[in-house]
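Data first, discussion second: the structure below is written as structure tokens.
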There are 4 protein chains.
Amino acid sequence: MGKPKDTFDDISPIDYRYWDEETAKYLSEKAFVKYKILVEISLAKALYERGMYSESVFREIKAACGQVTVEEVYDEEKRIHHDVRALVNCIRANVSAEAKPYIHLTATSYDIVDTANALRYKQACENVLVPALINLEEVLISLALKEAETTQVGRTHGQHAVPITFGFAVAGYISRIGKCIKALNLRSEELTGKFSGATGAYNASSLFFDDPENFEQDILSELGLFASEHSTQIVPPEAFTRLFSEIIIVAGVLANLADDMRNLQRTEIAEIQEDFEETQVGSSTMPQKQNPISFENVKSSWKIVVPRMITVYMDQISEHQRDLTNSASSRTYSEIITYVVYMAKRLTQAMGSIKVNKRNIKRNLSMQKGLILAEPLHVVLAALGHPDAHEKVKTLVRKAQDENCNFHDVIICDSEIQKYLEKMTREQQKAVSSVFSYSGIAAEKSKTIAKKWKRELGL
Amino acid sequence: MGKPKDTFDDISPIDYRYWDEETAKYLSEKAFVKYKILVEISLAKALYERGMYSESVFREIKAACGQVTVEEVYDEEKRIHHDVRALVNCIRANVSAEAKPYIHLTATSYDIVDTANALRYKQACENVLVPALINLEEVLISLALKEAETTQVGRTHGQHAVPITFGFAVAGYISRIGKCIKALNLRSEELTGKFSGATGAYNASSLFFDDPENFEQDILSELGLFASEHSTQIVPPEAFTRLFSEIIIVAGVLANLADDMRNLQRTEIAEIQEDFEETQVGSSTMPQKQNPISFENVKSSWKIVVPRMITVYMDQISEHQRDLTNSASSRTYSEIITYVVYMAKRLTQAMGSIKVNKRNIKRNLSMQKGLILAEPLHVVLAALGHPDAHEKVKTLVRKAQDENCNFHDVIICDSEIQKYLEKMTREQQKAVSSVFSYSGIAAEKSKTIAKKWKRELGL
Amino acid sequence: MGKPKDTFDDISPIDYRYWDEETAKYLSEKAFVKYKILVEISLAKALYERGMYSESVFREIKAACGQVTVEEVYDEEKRIHHDVRALVNCIRANVSAEAKPYIHLTATSYDIVDTANALRYKQACENVLVPALINLEEVLISLALKEAETTQVGRTHGQHAVPITFGFAVAGYISRIGKCIKALNLRSEELTGKFSGATGAYNASSLFFDDPENFEQDILSELGLFASEHSTQIVPPEAFTRLFSEIIIVAGVLANLADDMRNLQRTEIAEIQEDFEETQVGSSTMPQKQNPISFENVKSSWKIVVPRMITVYMDQISEHQRDLTNSASSRTYSEIITYVVYMAKRLTQAMGSIKVNKRNIKRNLSMQKGLILAEPLHVVLAALGHPDAHEKVKTLVRKAQDENCNFHDVIICDSEIQKYLEKMTREQQKAVSSVFSYSGIAAEKSKTIAKKWKRELGL
Amino acid sequence: MGKPKDTFDDISPIDYRYWDEETAKYLSEKAFVKYKILVEISLAKALYERGMYSESVFREIKAACGQVTVEEVYDEEKRIHHDVRALVNCIRANVSAEAKPYIHLTATSYDIVDTANALRYKQACENVLVPALINLEEVLISLALKEAETTQVGRTHGQHAVPITFGFAVAGYISRIGKCIKALNLRSEELTGKFSGATGAYNASSLFFDDPENFEQDILSELGLFASEHSTQIVPPEAFTRLFSEIIIVAGVLANLADDMRNLQRTEIAEIQEDFEETQVGSSTMPQKQNPISFENVKSSWKIVVPRMITVYMDQISEHQRDLTNSASSRTYSEIITYVVYMAKRLTQAMGSIKVNKRNIKRNLSMQKGLILAEPLHVVLAALGHPDAHEKVKTLVRKAQDENCNFHDVIICDSEIQKYLEKMTREQQKAVSSVFSYSGIAAEKSKTIAKKWKRELGL
């Protein structure tokens with residue numbers, strides 16, 4: 001593994017650029033070794049509790065575990081080419097001859113590794129990813145409440161459709177992320193560990209215990225985990241696969257939000273703007289540029305993580321009681337979590353400080369001179385029995401476009417429409433007259449959803 | 001769309017080769033149009049129930065819907081370049097002038113399309129995919145019970161590890177598929193529809209109803225669906241994404257099983273064999289060949305579907321209130337379900353008729369002359385306090401290999417081991433003596449798991 | 001393969017919706033069988049030429065090949081479960097007892113299948129995909145020449161950057177697609193066939209010929225192909241992989257062009273518009289909508305094909321002299337070509353009829369009131385020795401923004417800048433004064449590139 | 001970017017586990033900054049050569065560039081949030097007031113970044129990846145020559161097919177990797193740089209030079225690169241995409257080789273074995289295990305890199321003159337190269353020390369008692385005019401299987417066959433009699449291919 005190196009000798013941007021201290025506590029290699037040691041201690045405790053050795057031996061093992069460093073483990077691995085055995089040897093080196101034989105007793109490497117993985121992924125989700133998403137939700141909830149009544153043109157196909165409110169658009173993300181948080185919590189709870197030995201049949205532990213499944217559960221309960229219903233040398237991968245799929249799904253929602261914001265920041269649209277610090281430089285050559293770099297970065301990170309889900313799906317296949325072709329590949333899963341935490345944090349910062357340009361929101365809403373009212377007109381006409389409302393309104397639309405005049409002016413000059421206008425309710429008349437009066441229940445729904453998730457997430 | 005064509009003019013193997021009548025009922029284009037019509041009827045009913053028109057108008061619409069053919073819809077689409085409007089026009093063409101205006105009233109295209117998709121995917125899962133998997137489970141459960149006691153060598157890294165039973169190996173798949181079935185049921189239940197209009201704010205329905213969300217739920221309840229908490233022009237995609245991820249996960253488990261069987265059928269291993277019909281040809285040139293073509297086909301289908309999950313993840317991103325870049329792509333989702341149904345059916349047929357070669361299973365288990373007993377020996381030695389059991393046993397292993405003799409013979413000739421053998425329990429003595437006595441609780445667990453899922457799946 | 005079905009019973013949109021007659025000639029299942037027969041004929045010819053049988057036998061075989069139908073082959077396959085043997089049986093059924101033994105002699109199935117695949121993919125590329133791309137190039141070349149001088153704002157990060165011309169933007173795609181065409185031609189030329197038998201060692205053909213490699217090349221030369229340097233039961237997959245990667249790359253360029261157009265059609269930007277037929281409907285509910293559906297469709301098709309490249313990469317791995325896990329999966333490659341042909345054709349039609357709105361192009365270019373001239377100002381200042389040009393210009397930019405006035409007005413009022421203006425060349429003065437005078441060599445380059453590719457592609 | 005950290009705080013295995021010093025010289029973040037500086041120097045030189053400033057200014061700039069550290073650049077970036085401007089500022093800080101304005105003059109950030117990327121990827125391929133592959137070729141060539149005559153059973157579908165030689169199997173990989181090396185060399189030569197400014201129209205450089213394309217080429221020639229025919233803010237991505245696709249293709253070939261070796265090492269097959277060091281541990285619990293961990297690791301690395309190609313394809317799409325959504329994602333490309341170099345090196349070490357077990361190769365070849373001779377018998381019978389050779393031989397095969405006797409014994413006892421045997425050539429008689437006489441031209445071809453590539457690669 002070559003010479004000593006420092007951060008900028010790193011090759012992965014997750015290490016030299018997007019590295020995050022909070023995430024590393026669970027997902028760095030150092031943390032991984034720490035988790036494996038935790039699992040060894042839990043095993044040692046269970047062996048002690050079943051009378052395999054004295055309390056002092058257990059204490060000795062526990063203390064020895066506390067002394068092992070990742071550097072030692074890697075040095076030993078260089079010699080023996082086996083990572084878990086290297087760890088075991090390092091623990092053994094720290095205990096008395098009496099205790100030595102009991103380290104790792106009855107376990108196979110992946111009893112340790114898969115259990116450690118379940119534990120660290122679970123805790124990284126519960127303690128870092130989910131809280132990061134809740135922080136984002138908090139920011140979005142504020143924004144949705146603040147902009148609940150800000151009428152904005154709704155856009156489909158990049159074209160003006162019918163009005164919503166900006167708060168309503170934000171509320172959609174509150175709801176989608178909220179559901180992801182609930183799913184993430186369920187998926188991390190479903191992660192399981194194992195202590196069923198080399199091929200999953202409890203061969204070794206059966207040599208000592210009549211109830212090897214209870215023995216397994218004792219070890220895992222200490223760590224807050226359940227055992228897999230069935231395992232081979234490894235836990236069945238699906239619980240991991242489901243969790244990572246949900247994490248990729250989260251990334252998709254974040255990227256969608258980032259894309260929406262990028263587009264709203266286009267020079268011609270300019271409804272929002274990412275905060276720009278006093279000392280910040282937008283371009284190395286164009287001093288006027290203020291780019292949506294955080295939103296672009298979130299989208300770019302999505303491109304990094306989505307394809308990696310294929311690696312996780314591929315790792316579902318392990319021949320017979322396992323092959324090792326998931327070993328290097330599963331080491332990269334931690335990067336997925338780290339990128340998505342990074343996305344969540346960056347988006348929270350960006351969304352928490354965007355500038356909403358209400359003047360431009362209003363300008364854009366009005367720029368088609370009321371053409372977007374074609375929908376309510378056509379719908380109400382139809383409901384009032386107009387024989388061919390869709391075609392009729394298309395004609396009026398074309399007229400307004402050709403004459404470059406306000407759609408409402410065209411409507412009120414049309415004698416056929418006149419008759420229908422009279423039959424409309426007051427609300428319907430308003431809806432066909434003003435873009436500000438046709439946003440359905442957008443404002444109300446912004447608030448309902450924001451408040452619901454505020455409550456649900458305990459904010 | 002060119003000239004008339006027949007099945008072998010098709011380009012996709014899902015249509016000319018792996019097409020399945022049962023699946024097509026839900027997932028063909030014909031079925032899709034049928035589902036969209038169902039949704040239009042449900043809308044018509046809700047409008048009628050809210051007094052928008054008379055019962056006779058409703059009956060007229062319903063009857064008209066029954067007459068629309070997919071060919072008509074495509075012809076009309078050619079003219080107007082809009083698939084849902086084409087459908088609406090076709091319905092309109094079949095009703096009186098009085099009824100015409102009410103077709104599709106308040107709805108946007110994707111109120112129809114996304115609701116129809118939720119419904120057909122849900123029903124295809126519940127009525128075809130899950131039953132196909134339950135059939136496979138039934139076959140596997142029989143096999144696991146039958147082979148529960150068949151001691152087989154466990155393999156890790158393609159190398160002999162410690163013994164299991166063949167039933168135990170099968171039980172692992174029962175458990176994994178069982179959990180997938182439960183997850184699939186949950187995921188299809190979570191699919192939602194929508195009737196919130198062009199940008200999701202209930203703009204159009206609000207023109208007529210004070211409670212547009214109730215109106216939406218009325219339409220969907222008729223179809224057995226819930227409404228999304230929030231929608232734009234489309235339902236938030238995550239419920240679809242989660243369902244398809246689970247379907248891909250199912251494919252992974254099936255492919256893993258197929259790979260295990262392919263490997264067990266290798267000429268040198270030959271523990272199982274795929275059934276081979278009397279008239280079947282194994283090779284166009286090698287008359288002796290009997291290939292595991294069903295298992296290979298299942299693996300190959302997995303390669304087809306896994307990457308397509310990326311398409312589904314990509315479709316999570318839709319700009320603002322939606323862009324149409326998910327339209328063509330989401331049409332391919334039906335293929336994913338169809339392939340996985342095909343995999344399940346093919347595997348059921350193959351697993352239901354495999355020949356288990358017990359003689360070879362026994363031969364393979366013994367071929368390393370007991371070397372696989374190195375594990376129990378090392379574990380028991382350690383537990384009995386041997387200071388360096390792992391190294392000691394490695395020495396014995398090397399001795400047995402060098403002298404090409406039975407491992408047990410080496411053990412009993414070693415004076416140091418002799419002392420430990422005396423301290424062992426009877427069970428431990430047996431375990432270090434015979435490969436047939438060291439399969440832990442494999443037999444028992446095969447049965448427990450098989451019976452549990454038999455019960456759980458109502459078999 | 002179930003009951004008879006028609007087009008709308010199909011499940012894949014490539015068959016019921018995006019099917020293309022021209023492509024199907026090479027890539028339908030019917031075409032595939034036809035290609036396999038071509039290869040059998042070529043084999044028969046080579047055997048005849050080496051004196052294995054009389055000319056009349058050869059004529060008989062050739063005639064028999066001409067009579068085989070795909071339906072027969074599938075019927076026979078149902079009986080014997082082997083597709084190529086089924087084909088051989090069908091040919092055999094049509095010849096005399098004397099000729100029967102010689103059908104398929106020395107060949108293994110994949111001598112036929114892989115050679116047929118190489119041939120049909122090569123021809124589909126050369127005869128359909130490349131011509132479709134050349135048609136697109138023709139349209140783009142016209143457009144680039146026509147709009148070579150149309151100054152348009154350049155956009156980076158969705159923000160106004162510095163000016164280009166619309167023709168220049170189009171020229172970028174001419175160049176990128178042009179290079180793809182050249183690469184496609186090279187990659188299809190590199191496809192190879194094989195006639196080396198069951199494991200690639202020419203075992204069977206060596207029984208009859210001293211120069212089996214020449215025998216192989218004779219068969220392939222007849223088809224216009226070269227033999228692989230080495231093959232197993234199959235040709236080494238890399239030539240296929242490279243071709244499909246290039247096809248995916250083409251799709252990426254087309255999708256990028258489509259995305260640019262989608263964005264230029266946004267209501268607020270509106271610099272171009274996709275043609276909209278008189279009878280076309282934009283939305284089922286919003287009569288005013290004119291959506292960029294062709295551009296959206298192209299982007300959506302890209303989402304379909306890109307992930308499928310993973311299937312192709314996966315198929316590179318085939319155990320030993322081959323396993324069959326690439327069989328079902330490689331059948332889907334034809335869909336990739338078909339989708340990309342469809343994308344090219346659809347984009348050609350859309351680009352060939354877009355409306356360029358020069359008024360809006362001009363409006364957008366000017367909308368930032370000359371702020372985009374900050375770049376030339378800062379660059380020239382620097383070149384003239386200004387100690388901190390970047391900071392100075394940022395200050396002027398902020399002033400123009402705060403006072404909402406024209407950037408040029410701010411410049412000429414600044415005494416420090418005044419001194420520098422005097423030192424500038426006339427060209428530099430113009431460049432810092434007008435957005436229409438700062439598009440570098442965009443106009444010239446549009447024409448150079450358009451003309452170069454016109455020549456290069458023989459248009 | 002958090003607190004100081006060390007190697008085991010890293011999250012990506014490419015940094016803490018598979019990191020390679022040789023690769024890092026080109027692909028670490030430190031190296032990237034170094035390359036960007038090289039490009040700035042090249043720009044400075046071209047400006048000087050065109051008389052923009054004195055030689056002493058140029059020398060000053062060059063010296064200043066030499067002093068910049070990556071740490072400084074990151075500190076400055078923290079302040080101004082722009083990586084290239086940060087680099088420029090660091091260079092500026094080291095020069096006199098006179099020189100300051102000229103740093104980076106006329107350039108946009110991606111003139112620097114994309115040119116630096118082209119250069120470092122090119123050099124990493126030429127100087128690290130290709131040499132690593134040539135080393136592997138050298139090992140494979142030795143092996144193929146050594147084992148050219150070692151008759152081995154050919155395997156298709158995991159079933160015994162017809163014989164090859166082990167050298168022939170290896171030669172297949174020599175040929176496939178050889179072609180990849182040639183393609184890699186072509187693809188890295190095709191990488192281009194750019195110096196066309198912010199939107200690609202040479203806006204800034206046109207302010208000073210009449211021939212801005214020559215100016216661009218001057219800068220790039222200094223670095224050994226050509227300019228893109230057309231560029232925007234970035235070089236058209238396709239040259240990168242093609243290079244990375246080829247690198248993924250290399251990975252596929254390496255993974256296929258690794259898979260073949262893994263399977264040949266299965267306990268039941270045992271034809272080869274990965275070298276196992278004296279101190280190495282195979283399993284933490286099973287002392288007898290000797291696992292193919294290098295081959296497994298290579299396969300696992302393949303699972304890491306293949307999906308990432310999707311990220312590269314995604315980055316082909318950049319809106320208009322570019323968006324920044326390829327920024328974070330393209331930073332991960334270096335990892336792809338690094339993993340594939342690692343795969344090549346690990347496989348070289350493993351293949352260079354495998355133990356070939358000729359005894360087992362022979363045992364396996366004979367284990368089906370000559371059944372694999374069914375092919376030559378059936379082919380020769382057919383050629384001799386037998387009316388239904390395929391069916392006849394199937395009957396004989398079944399007889400040999402049922403009676404568990406040697407296939408040759410069955411043949412010579414069959415009176416019908418007897419007549420045909422007499423008509424056979426001596427070579428044909430041998431081929432149907434002994435598995436050692438039916439390997440076609442495998443031995444010869446092993447040598448031809450090995451020698452050809454030895455020559456071609458200058459070994």
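Here, A, B, ... name the chains of the structure tokens in the order displayed, residue numbers run from 1 inside each chain, and ligands are numbered from 1 in the same displayed order.
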
So that each row is one residue of chain C with an atom at most 8 Å from chain A, can you give its shortest atom pair and the distance in Å to one decimal, using only C-alpha atoms, rows by chain and rising number, as JSON lines?
{"residue": "C:His157", "atom": "CA", "partner": "A:Asn291", "partner_atom": "CA", "distance": 6.0}
{"residue": "C:Gly158", "atom": "CA", "partner": "A:Arg266", "partner_atom": "CA", "distance": 4.9}
{"residue": "C:Gln159", "atom": "CA", "partner": "A:Thr267", "partner_atom": "CA", "distance": 5.2}
{"residue": "C:His160", "atom": "CA", "partner": "A:Thr267", "partner_atom": "CA", "distance": 6.2}
{"residue": "C:Ala161", "atom": "CA", "partner": "A:Met286", "partner_atom": "CA", "distance": 7.1}
{"residue": "C:Arg262", "atom": "CA", "partner": "A:Gly158", "partner_atom": "CA", "distance": 7.4}
{"residue": "C:Asn263", "atom": "CA", "partner": "A:Gly158", "partner_atom": "CA", "distance": 7.2}
{"residue": "C:Gln265", "atom": "CA", "partner": "A:Gly158", "partner_atom": "CA", "distance": 7.5}
{"residue": "C:Arg266", "atom": "CA", "partner": "A:Gly158", "partner_atom": "CA", "distance": 4.9}
{"residue": "C:Thr267", "atom": "CA", "partner": "A:Gln159", "partner_atom": "CA", "distance": 5.1}
{"residue": "C:Glu268", "atom": "CA", "partner": "A:Glu268", "partner_atom": "CA", "distance": 6.0}
{"residue": "C:Ile269", "atom": "CA", "partner": "A:Glu268", "partner_atom": "CA", "distance": 6.2}
{"residue": "C:Thr285", "atom": "CA", "partner": "A:Glu375", "partner_atom": "CA", "distance": 6.1}
{"residue": "C:Met286", "atom": "CA", "partner": "A:Glu375", "partner_atom": "CA", "distance": 4.7}
{"residue": "C:Pro287", "atom": "CA", "partner": "A:Lys394", "partner_atom": "CA", "distance": 5.4}
{"residue": "C:Gln288", "atom": "CA", "partner": "A:Val397", "partner_atom": "CA", "distance": 6.1}
{"residue": "C:Lys289", "atom": "CA", "partner": "A:Gln159", "partner_atom": "CA", "distance": 7.2}
{"residue": "C:Gln290", "atom": "CA", "partner": "A:Gln159", "partner_atom": "CA", "distance": 7.7}
{"residue": "C:Asn291", "atom": "CA", "partner": "A:His157", "partner_atom": "CA", "distance": 6.0}
{"residue": "C:Pro292", "atom": "CA", "partner": "A:His157", "partner_atom": "CA", "distance": 6.9}
{"residue": "C:Ile293", "atom": "CA", "partner": "A:His157", "partner_atom": "CA", "distance": 7.9}
{"residue": "C:Glu296", "atom": "CA", "partner": "A:His157", "partner_atom": "CA", "distance": 7.9}
{"residue": "C:Asn364", "atom": "CA", "partner": "A:Glu268", "partner_atom": "CA", "distance": 7.2}
{"residue": "C:Leu371", "atom": "CA", "partner": "A:Gln288", "partner_atom": "CA", "distance": 6.6}
{"residue": "C:Ile372", "atom": "CA", "partner": "A:Gln288", "partner_atom": "CA", "distance": 6.9}
{"residue": "C:Ala374", "atom": "CA", "partner": "A:Pro287", "partner_atom": "CA", "distance": 6.1}
{"residue": "C:Glu375", "atom": "CA", "partner": "A:Met286", "partner_atom": "CA", "distance": 4.7}
{"residue": "C:His378", "atom": "CA", "partner": "A:Thr285", "partner_atom": "CA", "distance": 7.7}
{"residue": "C:Val379", "atom": "CA", "partner": "A:Thr285", "partner_atom": "CA", "distance": 7.7}
{"residue": "C:His390", "atom": "CA", "partner": "A:Pro287", "partner_atom": "CA", "distance": 6.4}
{"residue": "C:Glu391", "atom": "CA", "partner": "A:Pro287", "partner_atom": "CA", "distance": 7.9}
{"residue": "C:Val393", "atom": "CA", "partner": "A:Pro287", "partner_atom": "CA", "distance": 6.6}
{"residue": "C:Lys394", "atom": "CA", "partner": "A:Pro287", "partner_atom": "CA", "distance": 5.4}
{"residue": "C:Val397", "atom": "CA", "partner": "A:Gln288", "partner_atom": "CA", "distance": 6.1}

> Hey, what does DSSP flag as strand (DSSP E) within segment 88-234 of chain B? Can you give it to me as a ChimeraX atom specification?
Replying inline: /B:151-156,159-165,192-193,226-227

>> Could you list, as a PyMOL selection string, every residue within 10 Å of Phe209 of chain C, counting only C-alpha atoms and ignoring same-chain residues fewer than 6 positions away?
In response: chain C and resi 50+202+215

With C-alpha atoms kept, could you save the residues just selected as a PDB file, in the first residue's frame?
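Wrote it out as result39.pdb, contents follow:
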ATOM      1  CA  ARG C  50     -13.441 -27.626 -51.145  1.00  0.00           C
ATOM      2  CA  TYR C 202     -10.966 -25.743 -35.217  1.00  0.00           C
ATOM      3  CA  PHE C 215     -11.498 -22.409 -44.609  1.00  0.00           C
TER       4      PHE C 215
END

> How many Å separate atom CA of Lys62 of chain A from atom CA of Ile41 of chain A?
Replying inline: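 So the two atoms, atom CA of Lys62 of chain A and atom CA of Ile41 of chain A, lie 5.9 Å apart.
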
> Hey, what's within 8 Å of segment 5-22 of chain B if we count only C-alpha atoms and toss same-chain stuff fewer than 4 positions away? As a PyMOL selection string, please?
Replying inline: (chain B and resi 26+128+335+338-339+342) or (chain C and resi 1-3+5-7+10-12+14-15+19+24+27-31+70+328+331-332+334-335)

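Between atom CA of Ile411 of chain C and atom CA of Leu47 of chain D there is a distance of 26.8 Å.
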
> Near Glu60 of chain B, within 12 Å and counting only C-alpha atoms, which residues show up once chain neighbours fewer than 2 positions away are dropped, as a ChimeraX atom specification?
Replying inline: /B:41,44-45,48,53-58,62-67,91-100,102-103

Give me the residues near Asn404 of chain D as a compact mmCIF listing (two decimals) with C-alpha atoms, in the first residue's frame, where near means some atom within 9 Å (using only C-alpha atoms) and where sequence neighbours in that chain fewer than 4 positions away do not count.
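This is the output file result-v6.txt:
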# COMPACT_ATOMS: atom_id res chain seq x y z
CA LYS D 369 -14.60 -41.57 -20.43
CA LYS D 399 -25.42 -46.40 -24.24
CA ALA D 400 -21.99 -45.45 -22.88
